[in-house]
$ cat work.csv   # CSV, C-alpha atoms and all ligand atoms
chain,number,residue,atom,x,y,z
A,7,MET,CA,40.7,-91.6,70.0
A,8,THR,CA,41.8,-92.7,66.6
A,9,SER,CA,42.8,-89.9,64.2
A,10,ALA,CA,43.3,-90.0,60.4
A,11,LEU,CA,46.9,-89.3,61.2
A,12,ASP,CA,47.3,-92.6,63.0
A,13,TYR,CA,46.9,-94.2,59.6
A,14,LEU,CA,49.5,-91.9,58.0
A,15,TRP,CA,52.5,-92.3,60.4
A,16,PRO,CA,53.3,-96.0,59.6
A,17,LEU,CA,53.2,-95.1,55.9
A,18,VAL,CA,55.6,-92.2,56.2
A,19,ASP,CA,58.0,-94.4,58.1
A,20,ALA,CA,57.9,-97.2,55.4
A,21,PRO,CA,60.7,-97.5,52.9
A,22,ARG,CA,58.0,-97.5,50.2
A,23,PRO,CA,55.6,-94.8,51.4
A,24,MET,CA,52.6,-95.9,49.4
A,25,VAL,CA,49.2,-97.4,50.2
A,26,ALA,CA,47.1,-99.6,48.0
A,27,ALA,CA,43.4,-99.5,47.3
A,28,HIS,CA,42.6,-102.7,49.3
A,29,VAL,CA,44.3,-101.3,52.4
A,30,VAL,CA,42.5,-98.0,52.1
A,31,ALA,CA,39.2,-99.9,51.7
A,32,ALA,CA,39.7,-101.3,55.2
A,33,TRP,CA,40.2,-97.8,56.8
A,34,PRO,CA,37.4,-96.2,58.8
A,35,ALA,CA,35.1,-94.0,56.7
A,36,GLY,CA,36.5,-90.5,56.1
A,37,VAL,CA,40.2,-91.3,57.0
A,38,HIS,CA,41.4,-91.6,53.4
A,39,GLN,CA,39.5,-88.5,52.2
A,40,ARG,CA,40.9,-86.4,55.2
A,41,LEU,CA,44.5,-87.4,54.3
A,42,LEU,CA,43.8,-86.5,50.7
A,43,ASP,CA,42.3,-83.1,51.7
A,44,LEU,CA,45.3,-82.4,53.9
A,45,GLY,CA,47.6,-83.1,50.9
A,46,PHE,CA,49.5,-85.7,52.9
A,47,LEU,CA,48.5,-88.4,50.5
A,48,VAL,CA,48.4,-88.0,46.7
A,49,GLN,CA,47.2,-90.4,44.0
A,50,ALA,CA,50.1,-92.1,42.3
A,51,ALA,CA,50.3,-94.1,39.1
A,52,ASP,CA,48.2,-97.2,39.0
A,53,ALA,CA,49.8,-100.3,40.6
A,54,ASP,CA,51.3,-103.0,38.3
A,55,ARG,CA,50.9,-105.6,41.1
A,56,VAL,CA,47.7,-105.9,43.1
A,57,ILE,CA,46.2,-108.3,45.7
A,58,CYS,CA,43.8,-110.7,44.0
A,59,PRO,CA,40.4,-109.1,44.0
A,60,GLU,CA,38.8,-112.6,43.9
A,61,CYS,CA,40.3,-114.4,46.9
A,62,GLN,CA,42.5,-111.6,48.5
A,63,GLY,CA,45.1,-114.3,49.1
A,64,HIS,CA,48.0,-113.4,46.9
A,65,ILE,CA,49.6,-110.5,45.1
A,66,GLU,CA,50.0,-110.8,41.3
A,67,GLU,CA,51.2,-108.8,38.4
A,68,VAL,CA,48.4,-107.2,36.5
A,69,ILE,CA,47.8,-108.5,32.9
A,70,ALA,CA,46.1,-106.3,30.3
A,71,CYS,CA,43.8,-107.9,27.8
A,72,ASP,CA,41.7,-106.6,25.0
A,73,GLY,CA,38.1,-106.5,26.1
A,74,PRO,CA,34.8,-106.1,24.2
A,75,GLY,CA,34.6,-103.0,22.0
A,76,GLY,CA,38.4,-102.4,22.1
A,77,ALA,CA,38.4,-101.6,25.8
A,78,VAL,CA,41.4,-102.9,27.8
A,79,ARG,CA,40.5,-105.1,30.7
A,80,PHE,CA,42.9,-106.2,33.5
A,81,TYR,CA,43.3,-109.5,35.2
A,82,VAL,CA,45.5,-111.4,37.6
A,83,ALA,CA,46.2,-115.1,37.5
A,84,CYS,CA,44.4,-116.8,40.4
A,85,PRO,CA,44.6,-120.5,41.5
A,86,GLU,CA,40.9,-120.3,42.6
A,87,VAL,CA,39.3,-118.9,39.5
A,88,SER,CA,42.2,-119.0,37.1
A,89,ARG,CA,41.7,-115.5,35.9
A,90,ALA,CA,40.4,-112.8,38.3
A,91,HIS,CA,39.1,-109.5,36.8
A,92,VAL,CA,40.8,-106.4,38.3
A,93,PRO,CA,38.5,-103.3,38.3
A,94,ALA,CA,40.3,-100.0,37.6
A,95,THR,CA,39.7,-98.8,41.2
A,96,ALA,CA,41.6,-101.8,42.5
A,97,ARG,CA,44.8,-100.6,40.8
A,98,ARG,CA,44.7,-97.2,42.5
A,99,GLN,CA,47.4,-96.4,45.0
A,100,TRP,CA,48.4,-93.3,46.9
A,101,ALA,CA,51.8,-91.9,47.9
A,102,VAL,CA,52.8,-90.0,51.0
A,103,ASN,CA,53.5,-86.3,50.1
A,104,ALA,CA,56.4,-85.9,52.6
A,105,PRO,CA,57.4,-82.4,51.5
A,106,ARG,CA,53.8,-81.2,52.2
A,107,LEU,CA,54.0,-82.8,55.6
A,108,ALA,CA,57.2,-81.0,56.3
A,109,GLU,CA,55.7,-77.7,55.4
A,110,ALA,CA,52.6,-78.3,57.5
A,111,LEU,CA,54.8,-79.2,60.5
A,112,ALA,CA,56.9,-76.1,60.1
A,113,ALA,CA,53.8,-74.0,59.9
A,114,THR,CA,52.1,-75.4,63.1
A,115,LEU,CA,55.3,-75.1,65.0
A,116,LYS,CA,55.6,-71.4,64.0
A,117,LEU,CA,59.3,-71.9,63.1
A,118,THR,CA,61.3,-69.2,61.4
A,119,GLY,CA,63.3,-69.6,58.3
A,120,VAL,CA,62.7,-71.6,55.1
A,121,CYS,CA,61.8,-75.2,55.0
A,122,THR,CA,64.4,-77.0,52.9
A,123,GLU,CA,65.1,-80.6,51.9
A,124,LEU,CA,68.3,-82.0,53.4
A,125,VAL,CA,68.3,-85.5,52.0
A,126,PRO,CA,66.0,-86.3,49.1
A,127,ASN,CA,62.6,-87.6,50.4
A,128,ARG,CA,64.3,-88.5,53.7
A,129,SER,CA,65.0,-85.4,55.7
A,130,TRP,CA,64.0,-81.7,55.8
A,131,ARG,CA,65.2,-78.8,57.8
A,132,LEU,CA,61.8,-77.3,58.8
A,133,GLY,CA,63.1,-74.0,60.2
A,134,CYS,CA,64.5,-72.8,63.5
A,135,THR,CA,63.4,-72.0,67.0
A,136,THR,CA,65.1,-70.2,69.9
A,137,TRP,CA,65.6,-72.0,73.1
A,138,GLN,CA,67.5,-70.4,76.0
A,139,ASP,CA,69.0,-67.8,73.7
A,140,ALA,CA,70.3,-70.4,71.3
A,141,THR,CA,69.1,-70.9,67.8
A,142,ARG,CA,68.2,-74.5,67.1
A,143,ASP,CA,67.3,-76.2,63.8
A,144,VAL,CA,64.2,-78.3,63.7
A,145,VAL,CA,64.4,-81.3,61.4
A,146,LEU,CA,62.1,-84.0,60.1
A,147,ALA,CA,63.5,-87.3,59.1
A,148,ARG,CA,62.1,-90.5,57.8
A,149,GLY,CA,63.6,-94.0,58.3
A,150,LEU,CA,66.1,-93.2,61.1
A,151,HIS,CA,65.7,-96.8,62.1
A,152,TRP,CA,66.6,-98.2,58.6
A,153,ASP,CA,69.9,-99.7,57.8
A,154,ASP,CA,71.1,-96.6,55.8
A,155,ALA,CA,70.2,-94.2,58.7
A,156,PRO,CA,73.8,-93.2,59.3
A,157,THR,CA,73.9,-91.3,56.0
A,158,VAL,CA,70.8,-89.2,57.1
A,159,ARG,CA,72.3,-88.8,60.6
A,160,ALA,CA,75.5,-87.4,59.0
A,161,VAL,CA,73.5,-84.6,57.5
A,162,ILE,CA,71.3,-83.9,60.5
A,163,VAL,CA,74.2,-83.5,62.9
A,164,ARG,CA,75.6,-80.7,60.8
A,165,ALA,CA,72.5,-78.7,61.7
A,166,ARG,CA,72.5,-76.2,64.6
A,167,LYS,CA,71.8,-78.1,67.8
A,168,PRO,CA,69.1,-80.1,65.9
A,169,ILE,CA,65.7,-81.0,67.4
A,170,VAL,CA,64.5,-84.0,65.4
A,171,PHE,CA,60.9,-85.1,64.5
A,172,VAL,CA,60.3,-88.6,63.2
A,173,PRO,CA,57.0,-90.0,62.0
A,174,ASP,CA,56.7,-92.9,64.4
A,175,ALA,CA,59.7,-95.1,65.3
A,176,LYS,CA,62.5,-93.4,67.2
A,177,PRO,CA,66.0,-94.6,66.4
A,178,SER,CA,68.2,-96.2,68.9
A,179,ASP,CA,70.5,-93.8,70.9
A,180,ASP,CA,73.4,-95.7,69.3
A,181,LEU,CA,72.7,-94.1,66.0
A,182,TRP,CA,74.0,-90.7,67.2
A,183,ARG,CA,77.5,-91.8,68.3
A,184,GLY,CA,77.5,-89.3,71.1
A,185,ARG,CA,75.1,-86.6,72.2
A,186,VAL,CA,71.6,-87.7,71.4
A,187,PRO,CA,69.4,-84.9,70.1
A,188,PRO,CA,65.8,-84.3,71.3
A,189,ILE,CA,63.6,-86.6,69.3
A,190,LEU,CA,59.8,-86.3,69.0
A,191,ALA,CA,57.6,-88.9,67.4
A,192,LEU,CA,54.7,-87.3,65.4
A,193,SER,CA,52.6,-90.3,66.3
A,194,GLN,CA,52.8,-89.1,69.9
A,195,VAL,CA,52.6,-85.3,69.6
A,196,ALA,CA,50.6,-84.5,66.5
A,197,THR,CA,46.8,-84.0,66.6
A,198,LEU,CA,44.3,-83.2,63.9
A,199,GLY,CA,42.3,-80.0,64.4
A,200,ASP,CA,39.7,-78.3,62.2
A,201,THR,CA,42.4,-76.5,60.2
A,202,GLY,CA,44.8,-79.4,59.9
A,203,MET,CA,47.7,-81.0,61.7
A,204,GLU,CA,48.6,-79.4,65.0
A,205,VAL,CA,51.6,-79.8,67.2
A,206,ASP,CA,51.9,-77.7,70.3
A,207,PRO,CA,55.3,-75.8,70.1
A,208,LEU,CA,55.6,-76.5,73.8
A,209,GLU,CA,56.2,-80.2,72.9
A,210,ILE,CA,59.6,-79.0,71.6
A,211,VAL,CA,60.4,-77.5,75.0
A,212,ALA,CA,59.3,-80.7,76.8
A,213,ALA,CA,61.5,-82.8,74.5
A,214,VAL,CA,64.6,-80.6,75.0
A,215,GLN,CA,64.0,-80.6,78.8
A,216,ASP,CA,63.6,-84.4,78.7
A,217,THR,CA,66.9,-84.8,76.7
A,218,GLU,CA,68.7,-82.6,79.2
A,219,ALA,CA,67.2,-84.4,82.1
A,220,ARG,CA,68.3,-87.7,80.6
A,221,ALA,CA,71.9,-86.4,80.2
A,222,ILE,CA,71.9,-85.3,83.8
A,223,ASN,CA,70.5,-88.6,85.0
A,224,SER,CA,72.9,-90.7,83.1
A,225,ASN,CA,75.8,-88.7,84.6
A,226,ALA,CA,74.3,-89.0,88.0
A,227,GLY,CA,73.9,-92.8,87.7
A,228,VAL,CA,70.1,-92.6,87.9
A,229,ILE,CA,68.3,-95.2,85.9
A,230,GLY,CA,67.6,-94.1,82.3
A,231,MET,CA,64.2,-94.1,80.6
A,232,GLU,CA,64.8,-97.4,78.7
A,233,GLN,CA,65.9,-99.1,81.8
A,234,LEU,CA,62.9,-97.7,83.7
A,235,LYS,CA,60.5,-99.1,81.0
A,236,VAL,CA,62.1,-102.6,81.3
A,237,MET,CA,61.8,-102.5,85.1
A,238,ILE,CA,58.2,-101.5,84.9
A,239,ARG,CA,57.4,-104.4,82.6
A,240,GLN,CA,59.3,-106.9,84.7
A,241,GLN,CA,57.5,-105.8,87.8
A,242,VAL,CA,54.1,-106.0,86.3
A,243,LYS,CA,54.9,-109.5,85.0
A,244,ALA,CA,56.3,-110.7,88.4
A,245,GLU,CA,53.8,-109.2,90.8
A,246,VAL,CA,50.6,-111.1,91.4
A,247,LYS,CA,48.8,-108.0,92.4
A,248,ALA,CA,50.6,-106.1,89.6
A,249,SER,CA,51.0,-103.0,91.6
A,250,LEU,CA,54.1,-100.9,90.9
A,251,SER,CA,56.5,-100.3,93.8
A,252,ASP,CA,57.2,-96.8,95.2
A,253,ASP,CA,60.6,-97.0,93.7
A,254,LEU,CA,59.3,-97.1,90.2
A,255,LEU,CA,56.6,-94.5,90.8
A,256,VAL,CA,59.3,-92.2,92.2
A,257,ALA,CA,61.7,-93.0,89.4
A,258,ALA,CA,59.1,-92.2,86.8
A,259,TYR,CA,58.3,-88.9,88.6
A,260,ARG,CA,62.0,-88.1,88.6
A,261,GLN,CA,62.2,-88.8,84.8
A,262,HIS,CA,59.2,-86.6,83.9
A,263,GLY,CA,59.3,-84.0,86.6
A,264,SER,CA,55.5,-83.9,86.7
A,265,ILE,CA,53.0,-86.1,88.6
A,266,ARG,CA,50.6,-86.0,85.7
A,267,ALA,CA,53.2,-87.0,83.1
A,268,ALA,CA,54.6,-89.8,85.4
A,269,ALA,CA,51.1,-91.2,85.9
A,270,ALA,CA,50.4,-91.2,82.2
A,271,PHE,CA,53.8,-92.8,81.4
A,272,LEU,CA,53.4,-95.5,84.1
A,273,SER,CA,49.8,-96.3,82.9
A,274,GLN,CA,51.0,-96.6,79.3
A,275,GLN,CA,54.1,-98.7,80.2
A,276,SER,CA,52.3,-101.1,82.6
A,277,ASP,CA,49.0,-101.4,80.8
A,278,GLN,CA,47.2,-100.6,84.0
A,279,ASP,CA,45.6,-97.5,85.5
A,280,VAL,CA,48.2,-95.6,87.5
A,281,SER,CA,46.5,-92.5,89.1
A,282,LYS,CA,48.2,-89.2,89.8
A,283,ASP,CA,47.3,-89.8,93.5
A,284,GLN,CA,49.3,-93.1,93.5
A,285,VAL,CA,52.3,-91.2,92.2
A,286,ARG,CA,51.8,-88.3,94.5
A,287,ARG,CA,51.6,-90.6,97.6
A,288,ALA,CA,54.7,-92.4,96.5
A,289,VAL,CA,56.6,-89.2,96.1
A,290,GLN,CA,55.4,-88.0,99.5
A,291,ARG,CA,56.5,-91.3,101.1
A,292,ALA,CA,59.9,-90.7,99.5
A,293,GLY,CA,60.2,-87.3,101.3
A,294,GLY,CA,58.2,-85.1,99.0
A,295,VAL,CA,58.9,-83.4,95.7
A,296,ALA,CA,62.0,-81.4,96.7
A,297,ALA,CA,63.7,-84.4,98.3
A,298,VAL,CA,62.9,-86.7,95.3
A,299,LEU,CA,64.2,-84.2,92.8
A,300,ASN,CA,67.2,-83.0,94.8
A,301,ASP,CA,68.5,-86.0,96.7
A,302,GLN,CA,69.3,-88.4,94.0
A,303,SER,CA,71.0,-90.8,96.4
A,304,SER,CA,68.1,-91.2,98.8
A,305,ASP,CA,66.3,-93.7,96.6
A,306,SER,CA,66.9,-97.4,96.1
A,307,VAL,CA,66.3,-97.3,92.3
A,308,VAL,CA,69.5,-95.2,91.9
A,309,ARG,CA,71.8,-97.4,90.0
A,310,THR,CA,74.7,-98.4,92.2
A,311,THR,CA,78.0,-97.6,90.5
A,312,PRO,CA,81.3,-98.7,91.8
A,313,SER,CA,82.6,-95.2,91.8
A,314,ARG,CA,79.8,-93.9,94.0
A,315,LYS,CA,81.3,-92.8,97.3
A,316,ARG,CA,79.7,-94.4,100.4
A,317,GLY,CA,79.8,-91.1,102.2
A,318,ARG,CA,77.0,-89.8,100.0
A,319,THR,CA,74.4,-91.8,101.9
A,320,ALA,CA,75.1,-89.7,104.9
A,321,LYS,CA,73.2,-86.9,103.2
A,322,LYS,CA,70.0,-88.9,103.5
A,323,ILE,CA,67.3,-86.8,104.9
A,324,ASP,CA,64.7,-87.6,107.5
A,325,ARG,CA,61.4,-88.4,105.9
A,326,PRO,CA,58.0,-87.4,107.3
A,327,ASN,CA,55.7,-90.3,108.0
A,328,THR,CA,53.1,-89.5,105.5
A,401,ZN,ZN,43.1,-115.3,43.9

$ encode --input "work.csv" --output "structure tokens" --more "lines below"
Ligand SMILES: [Zn+2]
Amino acid sequence: MTSALDYLWPLVDAPRPMVAAHVVAAWPAGVHQRLLDLGFLVQAADADRVICPECQGHIEEVIACDGPGGAVRFYVACPEVSRAHVPATARRQWAVNAPRLAEALAATLKLTGVCTELVPNRSWRLGCTTWQDATRDVVLARGLHWDDAPTVRAVIVRARKPIVFVPDAKPSDDLWRGRVPPILALSQVATLGDTGMEVDPLEIVAAVQDTEARAINSNAGVIGMEQLKVMIRQQVKAEVKASLSDDLLVAAYRQHGSIRAAAAFLSQQSDQDVSKDQVRRAVQRAGGVAAVLNDQSSDSVVRTTPSRKRGRTAKKIDRPNT
């Protein structure tokens, strides 16, 4: 289901976080007003350059001319009609109010501490949360996939075991030069309720667990999330019947630690309907939940590493014929 927030996240992640009148005009009814009501968009100074209102085919600088009765009228040059009138409403534009967004996020996550700006209009420390007796800072950052992201990273990594929210695009793991922090995309975890933006604080727990599981898996030689995604896509392309193999179903379960989450992930990645039952049956065929989670070496999707000792396969357990 489309939410007004779906229209916000790409703007927050844009180097120039503004939206023009002609773009807003194409949004579904109510979306723009809702974002204004939430304070996530605020009206900015009128645009000096607009899309041609006459042919919509080009963006031009606005020219002011004296109109009748001393009023100023605005035009743009247009190859179709030579001079296209620009109504005042066409010059309107709105800017993302990122500090307001940071405050709203801090509130819905029930964080402690004060929300402060770390890098002007780029990164905020929202507050802190406690996870397994450790205090961790929760951070919001824009543009972690832009060229200048290392300057923002340098500030984020000074926070206490940071947990990072981004609007939409997650940065590549390479950005972090070492331990990758838990990263949550608001486009995936934020919803819009009656009272405003909502993010379940449990999403933070899930992200931390996911990051820890990835670290364990990469140490154990098990395929990582990105590799798993590539393998799913390759298999869907290659298979005529386009059904995913047990190996991938089991690997997805191992990544997510939940039948439901694995089914949702597989459905999303493969563009087909993968049911919880399919995942459950694959896990059963692989020896059941305990065997799948505990015996990393018993599955063929385990990445073979030269250092892996052959003796480990001797631990393979007998599987029930279910
Ligand atoms: Zn034109």

$ closest_residue --input "work.csv" --among "A:Pro21, A:Pro207, A:Gly45, A:Pro59" --to "ligand ZN 401 (chain A)" --atoms "all atoms listed in the file"
A:Pro59

$ atom_distance --input "work.csv" --atom1 "atom CA of Ser178 of chain A" --atom2 "atom CA of Gln261 of chain A"
18.5 Å

$ closest_atom_pairs --input "work.csv" --of "chain A" --to "ligand ZN 401 (chain A)" --cutoff "12 Å" --atoms "all atoms listed in the file" --output "tab-separated table"
residue	atom	partner	partner_atom	distance
A:Val56	CA	A:ZN401	ZN	10.5
A:Ile57	CA	A:ZN401	ZN	7.9
A:Cys58	CA	A:ZN401	ZN	4.7
A:Pro59	CA	A:ZN401	ZN	6.8
A:Glu60	CA	A:ZN401	ZN	5.1
A:Cys61	CA	A:ZN401	ZN	4.2
A:Gln62	CA	A:ZN401	ZN	5.9
A:Gly63	CA	A:ZN401	ZN	5.7
A:His64	CA	A:ZN401	ZN	6.1
A:Ile65	CA	A:ZN401	ZN	8.2
A:Glu66	CA	A:ZN401	ZN	8.6
A:Glu67	CA	A:ZN401	ZN	11.8
A:Tyr81	CA	A:ZN401	ZN	10.5
A:Val82	CA	A:ZN401	ZN	7.8
A:Ala83	CA	A:ZN401	ZN	7.1
A:Cys84	CA	A:ZN401	ZN	4.0
A:Pro85	CA	A:ZN401	ZN	5.9
A:Glu86	CA	A:ZN401	ZN	5.6
A:Val87	CA	A:ZN401	ZN	6.8
A:Ser88	CA	A:ZN401	ZN	7.8
A:Arg89	CA	A:ZN401	ZN	8.1
A:Ala90	CA	A:ZN401	ZN	6.7
A:His91	CA	A:ZN401	ZN	10.0
A:Val92	CA	A:ZN401	ZN	10.8

$ atom_distance --input "work.csv" --atom1 "atom CA of Thr141 of chain A" --atom2 "atom CA of Pro126 of chain A"
24.4 Å

$ closest_residue --input "work.csv" --among "A:Ala160, A:Ile210, A:Leu192, A:Ala96" --to "Val144 of chain A" --atoms "all atoms listed in the file"
A:Ile210

$ atom_distance --input "work.csv" --atom1 "atom CA of Ile189 of chain A" --atom2 "atom CA of Leu42 of chain A"
27.2 Å

$ residues_around --input "work.csv" --residues "segment 213-221 of chain A" --least-positions-apart "2" --cutoff "12 Å" --atoms "all atoms listed in the file" --output "PyMOL selection string"
chain A and resi 135-138+142+144+167-171+179+184-191+194-195+206-211+223-234+258-264+267+299

$ closest_residue --input "work.csv" --among "A:Ala53, A:Ala10, A:Leu111, A:Ile162" --to "Gln39 of chain A" --atoms "all atoms listed in the file"
A:Ala10

$ residues_near_point --input "work.csv" --point "(51.0, -86.3, 48.3)" --cutoff "8 Å" --atoms "all atoms listed in the file" --output "list of chain:residue names"
A:Leu42, A:Gly45, A:Phe46, A:Leu47, A:Val48, A:Gln49, A:Trp100, A:Ala101, A:Val102, A:Asn103, A:Ala104, A:Arg106

$ closest_residue --input "work.csv" --among "A:Asp154, A:Lys116, A:Gly76, A:His28" --to "Pro93 of chain A" --atoms "all atoms listed in the file"
A:His28

$ residues_around --input "work.csv" --residues "Arg148 of chain A" --least-positions-apart "2" --cutoff "8 Å" --atoms "only C-alpha atoms" --output "list in words"
Val18, Asp19, Asn127, Arg128, Ser129, Leu146, Leu150, Val172 and Pro173 of chain A

$ closest_residue --input "work.csv" --among "A:Ser251, A:Thr118, A:Ser193, A:Thr95" --to "Arg291 of chain A" --atoms "only C-alpha atoms"
A:Ser251

$ closest_residue --input "work.csv" --among "A:Val163, A:Ala269, A:Leu17, A:Ala77" --to "Val29 of chain A" --atoms "only C-alpha atoms"
A:Leu17

$ residues_around --input "work.csv" --residues "Arg287 of chain A" --least-positions-apart "4" --cutoff "10 Å" --atoms "only C-alpha atoms" --output "list of chain:residue names"
A:Asp252, A:Leu255, A:Val256, A:Lys282, A:Asp283, A:Arg291, A:Ala292, A:Gly293, A:Gly294, A:Thr328
